[in-house]
$ cat data00.pdb   # PDB, C-alpha atoms
ATOM      1  CA  MET A   1      22.234  -4.464   4.308
ATOM      2  CA  TRP A   2      19.561  -2.652   2.347
ATOM      3  CA  ASN A   3      19.126  -1.849  -1.307
ATOM      4  CA  TYR A   4      17.310   1.265  -2.464
ATOM      5  CA  GLU A   5      14.658   0.959  -5.139
ATOM      6  CA  LYS A   6      13.843   4.235  -6.850
ATOM      7  CA  ARG A   7      10.066   4.179  -6.366
ATOM      8  CA  LEU A   8       7.634   4.352  -3.461
ATOM      9  CA  GLN A   9       5.932   1.202  -2.195
ATOM     10  CA  TYR A  10       2.660   2.936  -3.044
ATOM     11  CA  PRO A  11       2.456   5.986  -5.341
ATOM     12  CA  VAL A  12       1.936   9.513  -4.010
ATOM     13  CA  ASN A  13       0.839  12.176  -6.505
ATOM     14  CA  ILE A  14      -0.637  15.193  -4.717
ATOM     15  CA  THR A  15      -1.468  18.216  -6.853
ATOM     16  CA  THR A  16      -3.022  20.561  -4.241
ATOM     17  CA  PRO A  17      -0.728  21.692  -1.400
ATOM     18  CA  ASN A  18      -2.254  21.914   2.073
ATOM     19  CA  ALA A  19       0.163  22.703   4.891
ATOM     20  CA  LYS A  20      -2.553  22.410   7.519
ATOM     21  CA  ILE A  21      -3.130  18.749   6.769
ATOM     22  CA  ALA A  22       0.629  18.181   6.299
ATOM     23  CA  LYS A  23       1.153  19.112   9.932
ATOM     24  CA  VAL A  24      -1.299  16.436  11.023
ATOM     25  CA  ILE A  25       0.076  13.711   8.749
ATOM     26  CA  MET A  26       3.630  14.532   9.838
ATOM     27  CA  SER A  27       2.833  12.712  13.077
ATOM     28  CA  GLN A  28       3.092   9.427  11.193
ATOM     29  CA  TYR A  29       6.661  10.364  10.242
ATOM     30  CA  GLY A  30       8.068  11.192  13.654
ATOM     31  CA  GLY A  31       5.173  11.043  16.094
ATOM     32  CA  PRO A  32       4.545   8.596  18.950
ATOM     33  CA  ASP A  33       3.022   5.898  16.709
ATOM     34  CA  GLY A  34       4.717   6.896  13.480
ATOM     35  CA  GLU A  35       6.686   4.967  10.908
ATOM     36  CA  MET A  36      10.099   6.017  12.207
ATOM     37  CA  GLY A  37       9.375   4.443  15.573
ATOM     38  CA  ALA A  38       7.884   1.409  13.848
ATOM     39  CA  SER A  39      10.918   0.666  11.697
ATOM     40  CA  MET A  40      13.373   1.274  14.557
ATOM     41  CA  ARG A  41      11.291  -0.872  16.926
ATOM     42  CA  TYR A  42      11.278  -3.983  14.740
ATOM     43  CA  LEU A  43      14.776  -3.629  13.352
ATOM     44  CA  SER A  44      16.155  -3.123  16.878
ATOM     45  CA  GLN A  45      14.240  -6.036  18.401
ATOM     46  CA  ARG A  46      15.612  -8.574  15.881
ATOM     47  CA  TYR A  47      19.005  -9.196  17.413
ATOM     48  CA  VAL A  48      18.036 -11.205  20.472
ATOM     49  CA  MET A  49      14.882 -12.795  18.957
ATOM     50  CA  PRO A  50      15.575 -16.544  19.222
ATOM     51  CA  TYR A  51      13.153 -17.954  16.599
ATOM     52  CA  LYS A  52      13.974 -17.791  12.905
ATOM     53  CA  GLN A  53      10.414 -17.125  11.713
ATOM     54  CA  CYS A  54      10.174 -14.202  14.129
ATOM     55  CA  GLN A  55      13.604 -12.914  13.078
ATOM     56  CA  ALA A  56      12.386 -12.909   9.474
ATOM     57  CA  THR A  57       9.099 -11.204  10.403
ATOM     58  CA  LEU A  58      10.851  -8.416  12.333
ATOM     59  CA  THR A  59      13.350  -7.888   9.506
ATOM     60  CA  ASP A  60      10.779  -7.791   6.725
ATOM     61  CA  ILE A  61       8.141  -5.708   8.512
ATOM     62  CA  GLY A  62      10.887  -3.354   9.751
ATOM     63  CA  THR A  63      12.027  -2.984   6.156
ATOM     64  CA  GLU A  64       8.500  -2.306   4.910
ATOM     65  CA  GLU A  65       8.143   0.361   7.611
ATOM     66  CA  LEU A  66      11.135   2.174   6.119
ATOM     67  CA  ALA A  67       9.202   2.278   2.842
ATOM     68  CA  HIS A  68       6.182   3.624   4.751
ATOM     69  CA  LEU A  69       8.382   6.315   6.307
ATOM     70  CA  GLU A  70       9.276   7.372   2.773
ATOM     71  CA  ILE A  71       5.605   7.426   1.715
ATOM     72  CA  VAL A  72       4.621   9.638   4.668
ATOM     73  CA  ALA A  73       7.546  11.992   4.000
ATOM     74  CA  SER A  74       6.522  12.206   0.343
ATOM     75  CA  ILE A  75       2.958  13.110   1.331
ATOM     76  CA  VAL A  76       4.181  15.863   3.685
ATOM     77  CA  HIS A  77       6.645  17.132   1.071
ATOM     78  CA  GLN A  78       4.054  17.290  -1.683
ATOM     79  CA  LEU A  79       1.561  19.018   0.638
ATOM     80  CA  THR A  80       4.051  21.763   1.573
ATOM     81  CA  ARG A  81       5.984  22.420  -1.631
ATOM     82  CA  ASN A  82       5.613  25.562  -3.753
ATOM     83  CA  LEU A  83       3.982  27.569  -0.959
ATOM     84  CA  THR A  84       5.083  31.048   0.113
ATOM     85  CA  ALA A  85       5.904  31.926   3.707
ATOM     86  CA  GLU A  86       2.635  33.849   3.829
ATOM     87  CA  GLN A  87       0.649  30.842   2.625
ATOM     88  CA  LEU A  88       2.410  28.571   5.122
ATOM     89  CA  GLU A  89       1.618  31.000   7.919
ATOM     90  CA  ALA A  90      -2.015  31.261   6.863
ATOM     91  CA  GLU A  91      -2.260  27.454   7.036
ATOM     92  CA  GLY A  92      -0.869  27.296  10.554
ATOM     93  CA  PHE A  93       2.607  26.112   9.519
ATOM     94  CA  ALA A  94       4.662  29.113  10.698
ATOM     95  CA  ASP A  95       6.006  27.438  13.843
ATOM     96  CA  TYR A  96       7.341  24.472  11.838
ATOM     97  CA  TYR A  97       8.533  26.700   8.975
ATOM     98  CA  VAL A  98      10.669  28.897  11.189
ATOM     99  CA  ASP A  99      12.867  25.964  12.231
ATOM    100  CA  HIS A 100      12.737  23.689   9.172
ATOM    101  CA  THR A 101      11.535  25.824   6.247
ATOM    102  CA  ALA A 102       9.843  23.190   4.038
ATOM    103  CA  GLY A 103      12.283  20.414   4.985
ATOM    104  CA  ILE A 104      11.200  17.077   6.458
ATOM    105  CA  TRP A 105      11.956  16.571  10.146
ATOM    106  CA  PRO A 106      10.536  13.966  12.564
ATOM    107  CA  GLN A 107       8.089  15.419  15.025
ATOM    108  CA  ALA A 108       4.573  14.723  16.278
ATOM    109  CA  ALA A 109       1.622  16.803  15.081
ATOM    110  CA  GLY A 110       1.873  18.808  18.299
ATOM    111  CA  GLY A 111       5.533  19.670  17.670
ATOM    112  CA  VAL A 112       7.145  17.144  20.043
ATOM    113  CA  PRO A 113      10.405  15.884  18.478
ATOM    114  CA  PHE A 114      10.886  12.207  17.679
ATOM    115  CA  ASN A 115      12.224  10.359  20.694
ATOM    116  CA  ALA A 116      13.522   6.795  21.019
ATOM    117  CA  CYS A 117      11.279   6.417  24.077
ATOM    118  CA  GLU A 118       8.410   6.101  21.611
ATOM    119  CA  PHE A 119       9.336   2.461  21.023
ATOM    120  CA  GLN A 120      10.633  -0.380  23.129
ATOM    121  CA  SER A 121      13.170  -3.105  22.646
ATOM    122  CA  LYS A 122      12.802  -5.088  25.842
ATOM    123  CA  GLY A 123      14.841  -8.167  24.999
ATOM    124  CA  ASP A 124      11.988 -10.571  25.798
ATOM    125  CA  PRO A 125      10.131 -12.104  22.825
ATOM    126  CA  ILE A 126       6.652 -12.188  24.398
ATOM    127  CA  THR A 127       6.988  -8.626  25.697
ATOM    128  CA  ASP A 128       8.341  -7.310  22.401
ATOM    129  CA  LEU A 129       5.722  -9.029  20.236
ATOM    130  CA  PHE A 130       2.866  -7.707  22.383
ATOM    131  CA  GLU A 131       4.417  -4.243  22.042
ATOM    132  CA  ASP A 132       4.532  -4.743  18.275
ATOM    133  CA  MET A 133       0.877  -5.796  18.051
ATOM    134  CA  ALA A 134      -0.190  -2.804  20.157
ATOM    135  CA  ALA A 135       1.980  -0.492  18.043
ATOM    136  CA  GLU A 136       0.289  -1.635  14.841
ATOM    137  CA  GLN A 137      -3.133  -0.933  16.347
ATOM    138  CA  LYS A 138      -2.035   2.497  17.586
ATOM    139  CA  ALA A 139      -0.777   3.361  14.113
ATOM    140  CA  ARG A 140      -4.044   2.085  12.611
ATOM    141  CA  THR A 141      -6.018   4.333  14.986
ATOM    142  CA  THR A 142      -3.841   7.312  14.016
ATOM    143  CA  TYR A 143      -4.487   6.675  10.317
ATOM    144  CA  ASP A 144      -8.218   6.378  11.062
ATOM    145  CA  ASN A 145      -8.037   9.744  12.838
ATOM    146  CA  ILE A 146      -6.201  11.270   9.874
ATOM    147  CA  LEU A 147      -8.808   9.916   7.466
ATOM    148  CA  ARG A 148     -11.540  11.705   9.437
ATOM    149  CA  LEU A 149      -9.686  15.002   8.913
ATOM    150  CA  VAL A 150      -8.558  14.646   5.293
ATOM    151  CA  LYS A 151     -10.932  15.082   2.375
ATOM    152  CA  ASP A 152      -8.521  15.272  -0.589
ATOM    153  CA  PRO A 153      -8.743  11.878  -2.386
ATOM    154  CA  GLU A 154      -5.126  12.204  -3.555
ATOM    155  CA  VAL A 155      -4.075  12.230   0.099
ATOM    156  CA  CYS A 156      -6.614   9.702   1.392
ATOM    157  CA  ASP A 157      -5.544   7.075  -1.142
ATOM    158  CA  PRO A 158      -1.980   6.437   0.129
ATOM    159  CA  ILE A 159      -3.157   6.924   3.751
ATOM    160  CA  ARG A 160      -5.684   4.107   3.261
ATOM    161  CA  PHE A 161      -2.916   1.873   1.908
ATOM    162  CA  LEU A 162      -0.773   2.564   4.980
ATOM    163  CA  ARG A 163      -3.718   1.928   7.295
ATOM    164  CA  GLU A 164      -4.394  -1.437   5.679
ATOM    165  CA  ARG A 165      -0.772  -2.514   6.115
ATOM    166  CA  GLU A 166      -1.050  -1.888   9.870
ATOM    167  CA  VAL A 167      -3.840  -4.452   9.984
ATOM    168  CA  VAL A 168      -1.775  -6.999   8.026
ATOM    169  CA  HIS A 169       1.282  -6.433  10.225
ATOM    170  CA  PHE A 170      -0.836  -6.916  13.353
ATOM    171  CA  GLN A 171      -1.923 -10.280  11.950
ATOM    172  CA  ARG A 172       1.675 -11.342  11.175
ATOM    173  CA  PHE A 173       2.920 -10.320  14.633
ATOM    174  CA  GLY A 174       0.094 -12.336  16.145
ATOM    175  CA  GLU A 175       1.353 -15.352  14.222
ATOM    176  CA  ALA A 176       4.918 -14.627  15.369
ATOM    177  CA  LEU A 177       3.634 -14.589  18.952
ATOM    178  CA  ARG A 178       2.014 -17.988  18.361
ATOM    179  CA  VAL A 179       5.314 -19.343  17.006
ATOM    180  CA  THR A 180       7.075 -18.016  20.105
ATOM    181  CA  GLN A 181       4.567 -19.534  22.514
ATOM    182  CA  GLU A 182       4.751 -22.896  20.744
ATOM    183  CA  ASN A 183       8.452 -22.910  21.585
ATOM    184  CA  LEU A 184       7.789 -22.262  25.274
ATOM    185  CA  ASP A 185       6.416 -24.239  28.191
ATOM    186  CA  SER A 186       2.647 -24.290  27.581
ATOM    187  CA  LYS A 187       2.048 -24.514  31.353
ATOM    188  CA  ASN A 188       3.990 -21.313  31.995
ATOM    189  CA  PHE A 189       5.014 -19.059  29.094
ATOM    190  CA  TYR A 190       6.913 -16.887  31.564
ATOM    191  CA  ALA A 191       9.020 -19.659  33.119
ATOM    192  CA  PHE A 192      12.126 -18.192  31.486
ATOM    193  CA  ASN A 193      13.121 -15.581  28.920
ATOM    194  CA  PRO A 194      14.221 -17.502  25.805
ATOM    195  CA  ALA A 195      16.194 -14.464  24.619
ATOM    196  CA  PHE A 196      18.271 -14.434  27.783
ATOM    197  CA  ASP A 197      18.000 -17.605  29.908
ATOM    198  CA  LYS A 198      19.477 -19.936  27.321
ATOM    199  CA  MET A 199      18.902 -23.201  29.179
ATOM    200  CA  GLY A 200      15.645 -22.106  30.685
ATOM    201  CA  GLY A 201      16.747 -23.226  34.125
ATOM    202  CA  ASP A 202      18.317 -20.219  35.758
ATOM    203  CA  CYS A 203      15.404 -17.845  35.974
ATOM    204  CA  PRO A 204      14.706 -16.604  39.503
ATOM    205  CA  CYS A 205      11.007 -17.350  39.012
ATOM    206  CA  ARG A 206      11.764 -21.104  38.816
ATOM    207  CA  LYS A 207      13.351 -21.365  42.257
TER
ATOM    208  CA  MET B   1       1.753   6.293 -14.413
ATOM    209  CA  ASN B   2       2.759   4.170 -17.375
ATOM    210  CA  ASP B   3       1.733   0.545 -17.755
ATOM    211  CA  LEU B   4       5.117  -0.896 -16.876
ATOM    212  CA  MET B   5       5.325   1.054 -13.625
ATOM    213  CA  THR B   6       1.769   0.042 -12.762
ATOM    214  CA  GLN B   7       2.795  -3.591 -13.250
ATOM    215  CA  ILE B   8       5.888  -3.081 -11.094
ATOM    216  CA  TYR B   9       3.782  -1.600  -8.303
ATOM    217  CA  GLN B  10       1.291  -4.458  -8.446
ATOM    218  CA  TYR B  11       3.756  -7.349  -8.680
ATOM    219  CA  SER B  12       6.027  -5.779  -6.081
ATOM    220  CA  PHE B  13       3.172  -5.382  -3.650
ATOM    221  CA  ALA B  14       2.178  -9.022  -4.166
ATOM    222  CA  VAL B  15       5.777  -9.992  -3.355
ATOM    223  CA  ASP B  16       5.883  -7.714  -0.268
ATOM    224  CA  ASP B  17       2.649  -9.171   1.058
ATOM    225  CA  VAL B  18       3.268 -12.872   0.474
ATOM    226  CA  LEU B  19       6.797 -12.430   1.862
ATOM    227  CA  LEU B  20       5.379 -11.571   5.273
ATOM    228  CA  TYR B  21       2.903 -14.448   5.082
ATOM    229  CA  LEU B  22       5.690 -16.895   4.215
ATOM    230  CA  ASP B  23       7.753 -15.708   7.182
ATOM    231  CA  THR B  24       5.135 -17.186   9.502
ATOM    232  CA  HIS B  25       3.967 -19.981   7.137
ATOM    233  CA  PRO B  26       7.232 -21.162   5.542
ATOM    234  CA  ASP B  27       5.820 -24.545   4.461
ATOM    235  CA  ASP B  28       2.703 -23.273   2.651
ATOM    236  CA  GLN B  29       3.145 -24.709  -0.862
ATOM    237  CA  ASP B  30       0.516 -22.479  -2.487
ATOM    238  CA  ALA B  31       2.164 -19.366  -1.067
ATOM    239  CA  LEU B  32       5.598 -20.587  -2.204
ATOM    240  CA  ALA B  33       4.309 -21.025  -5.750
ATOM    241  CA  TYR B  34       2.578 -17.634  -5.653
ATOM    242  CA  TYR B  35       5.782 -15.969  -4.448
ATOM    243  CA  GLN B  36       7.766 -17.481  -7.321
ATOM    244  CA  CYS B  37       5.164 -16.445  -9.877
ATOM    245  CA  MET B  38       4.953 -12.842  -8.643
ATOM    246  CA  LYS B  39       8.728 -12.560  -8.249
ATOM    247  CA  ASP B  40       9.268 -13.692 -11.859
ATOM    248  CA  ALA B  41       6.602 -11.312 -13.175
ATOM    249  CA  ARG B  42       8.153  -8.456 -11.207
ATOM    250  CA  GLU B  43      11.641  -9.170 -12.540
ATOM    251  CA  THR B  44      10.366  -9.146 -16.122
ATOM    252  CA  ALA B  45       8.544  -5.833 -15.626
ATOM    253  CA  VAL B  46      11.533  -4.225 -13.857
ATOM    254  CA  ALA B  47      13.914  -5.268 -16.635
ATOM    255  CA  ALA B  48      11.597  -3.839 -19.307
ATOM    256  CA  TYR B  49      11.116  -0.606 -17.351
ATOM    257  CA  GLU B  50      14.832  -0.107 -16.721
ATOM    258  CA  CYS B  51      15.589  -0.622 -20.388
ATOM    259  CA  GLN B  52      13.223   2.178 -21.371
ATOM    260  CA  PHE B  53      13.315   4.619 -18.486
ATOM    261  CA  GLY B  54      16.540   4.071 -16.568
ATOM    262  CA  PRO B  55      17.556   2.257 -13.392
ATOM    263  CA  LEU B  56      15.282   1.462 -10.448
ATOM    264  CA  THR B  57      18.240   0.127  -8.432
ATOM    265  CA  LYS B  58      21.970   0.582  -8.816
ATOM    266  CA  ASP B  59      22.132  -2.929 -10.287
ATOM    267  CA  GLY B  60      19.840  -1.692 -13.044
ATOM    268  CA  VAL B  61      22.327   0.873 -14.340
ATOM    269  CA  LYS B  62      23.085  -0.235 -17.875
ATOM    270  CA  ASP B  63      26.511   0.129 -19.451
ATOM    271  CA  SER B  64      26.146   3.886 -19.606
ATOM    272  CA  ALA B  65      29.802   4.679 -20.157
ATOM    273  CA  ASP B  66      29.342   8.390 -20.624
ATOM    274  CA  TYR B  67      26.889   9.284 -17.867
ATOM    275  CA  TRP B  68      25.804   7.959 -14.463
ATOM    276  CA  THR B  69      22.083   7.566 -15.172
ATOM    277  CA  TRP B  70      21.231   6.781 -11.523
ATOM    278  CA  VAL B  71      21.180  10.515 -10.776
ATOM    279  CA  ASN B  72      18.465  11.188 -13.343
ATOM    280  CA  GLY B  73      15.095  12.161 -11.913
ATOM    281  CA  PRO B  74      12.407  12.092 -11.057
ATOM    282  CA  TRP B  75      13.037  10.794  -7.550
ATOM    283  CA  PRO B  76      10.131   8.911  -5.964
ATOM    284  CA  TRP B  77       9.001  11.614  -3.561
ATOM    285  CA  GLU B  78       8.529  14.134  -6.350
ATOM    286  CA  GLY B  79       5.310  12.525  -7.596
ATOM    287  CA  GLY B  80       4.341  11.639 -11.123
ATOM    288  CA  GLY B  81       7.224   9.192 -10.958
ATOM    289  CA  SER B  82       7.296   7.743 -14.407
ATOM    290  CA  LYS B  83       6.492  10.700 -16.633
ATOM    291  CA  CYS B  84      10.127  11.369 -17.471
ATOM    292  CA  GLY B  85      12.550   9.190 -19.365
ATOM    293  CA  THR B  86      12.927   8.664 -23.037
ATOM    294  CA  MET B  87      12.788   5.465 -25.036
ATOM    295  CA  ARG B  88      16.239   4.211 -25.826
ATOM    296  CA  LYS B  89      17.307   2.694 -29.077
ATOM    297  CA  GLY B  90      17.531  -1.066 -29.223
ATOM    298  CA  CYS B  91      15.279  -1.542 -26.242
ATOM    299  CA  SER B  92      13.036  -4.578 -26.015
ATOM    300  CA  THR B  93      10.073  -4.295 -23.727
ATOM    301  CA  ARG B  94       9.067  -7.925 -24.026
TER
END
$ encode --input "data00.pdb" --output "structure tokens"
Amino acid sequence: MWNYEKRLQYPVNITTPNAKIAKVIMSQYGGPDGEMGASMRYLSQRYVMPYKQCQATLTDIGTEELAHLEIVASIVHQLTRNLTAEQLEAEGFADYYVDHTAGIWPQAAGGVPFNACEFQSKGDPITDLFEDMAAEQKARTTYDNILRLVKDPEVCDPIRFLREREVVHFQRFGEALRVTQENLDSKNFYAFNPAFDKMGGDCPCRK
Amino acid sequence: MNDLMTQIYQYSFAVDDVLLYLDTHPDDQDALAYYQCMKDARETAVAAYECQFGPLTKDGVKDSADYWTWVNGPWPWEGGGSKCGTMRKGCSTR
């Protein structure tokens, strides 16, 4: 269950539209390392996660990612509103405009639609948590790349907030991985999959 | 952004951040106390804001018998979030 709060997690107030930069930032909405994949990744991985601290971490970071999705969408919306078709075309937005007008739709900067293959839910806590740590770093790199392209301080400000949260989430997932490993056999973390081999004794690798 | 909304942003962020820390450090007494302090401060600011400017969540809709105030803008993605709204009579911001 979720409850909506009528505010962003971090404010977005952009006064100068810029469709060119919107097309780049859009990648963090529906691109390969974007916030849609992030929220779906963590919220999907929760169900077979066996450790309560990790269940809480996946739930709460997954929830925060939904708020980040809303921040990115707000940035793209405010960068593309009140522009004419001619202005959108002049800023390289015609190919997006023809299919979506100025609506928000999940795609990568290069136009590739959002795809569930952009995240994994492998059903193995170690595998999933390493995926999550890598995902946070990939998102951080993407925000760093965006910050090299964007000069408008009204846009940079919320992007810097989002970038910083990737670093914090990476830290928390690292701690969740430590919690997971402390629950496993320190001589062989891979002896069994605690999300599947409930007694730890029926894994083929133990025979 | 008005002062109350600035407070809500700040206290809410403190809650969001310490929440994640507590998930992996559930027995950290300092963090538990900090969470409680920030949560209380946030609740006070939200109540004062909702009284003046309208609901932030559906639970914050006051007994508005004649109109469903939840639909009133601005919505968060529009920017300049807290410019609208008018002070209501009998509202305490303390």
$ closest_atom_pairs --input "data00.pdb" --of "segment 28-132 of chain A" --to "segment 186-191 of chain A" --cutoff "12 Å" --atoms "all atoms listed in the file" --output "tab-separated table"
residue	atom	partner	partner_atom	distance
A:Asp124	CA	A:Tyr190	CA	9.9
A:Pro125	CA	A:Tyr190	CA	10.5
A:Ile126	CA	A:Phe189	CA	8.5
A:Thr127	CA	A:Tyr190	CA	10.1
$ closest_residue --input "data00.pdb" --among "A:Gln171, A:Gln137, A:Ser121, A:Thr142" --to "chain B" --atoms "all atoms listed in the file"
A:Gln171
$ interface_residues --input "data00.pdb" --of "chain A" --to "chain B" --cutoff "6 Å" --atoms "only C-alpha atoms" --output "PyMOL selection string"
chain A and resi 5-8+12-13+53+56-57+74
$ atom_distance --input "data00.pdb" --atom1 "atom CA of Val72 of chain A" --atom2 "atom CA of Glu136 of chain A"
15.8 Å
$ atom_distance --input "data00.pdb" --atom1 "atom CA of Glu118 of chain A" --atom2 "atom CA of Ala139 of chain A"
12.2 Å
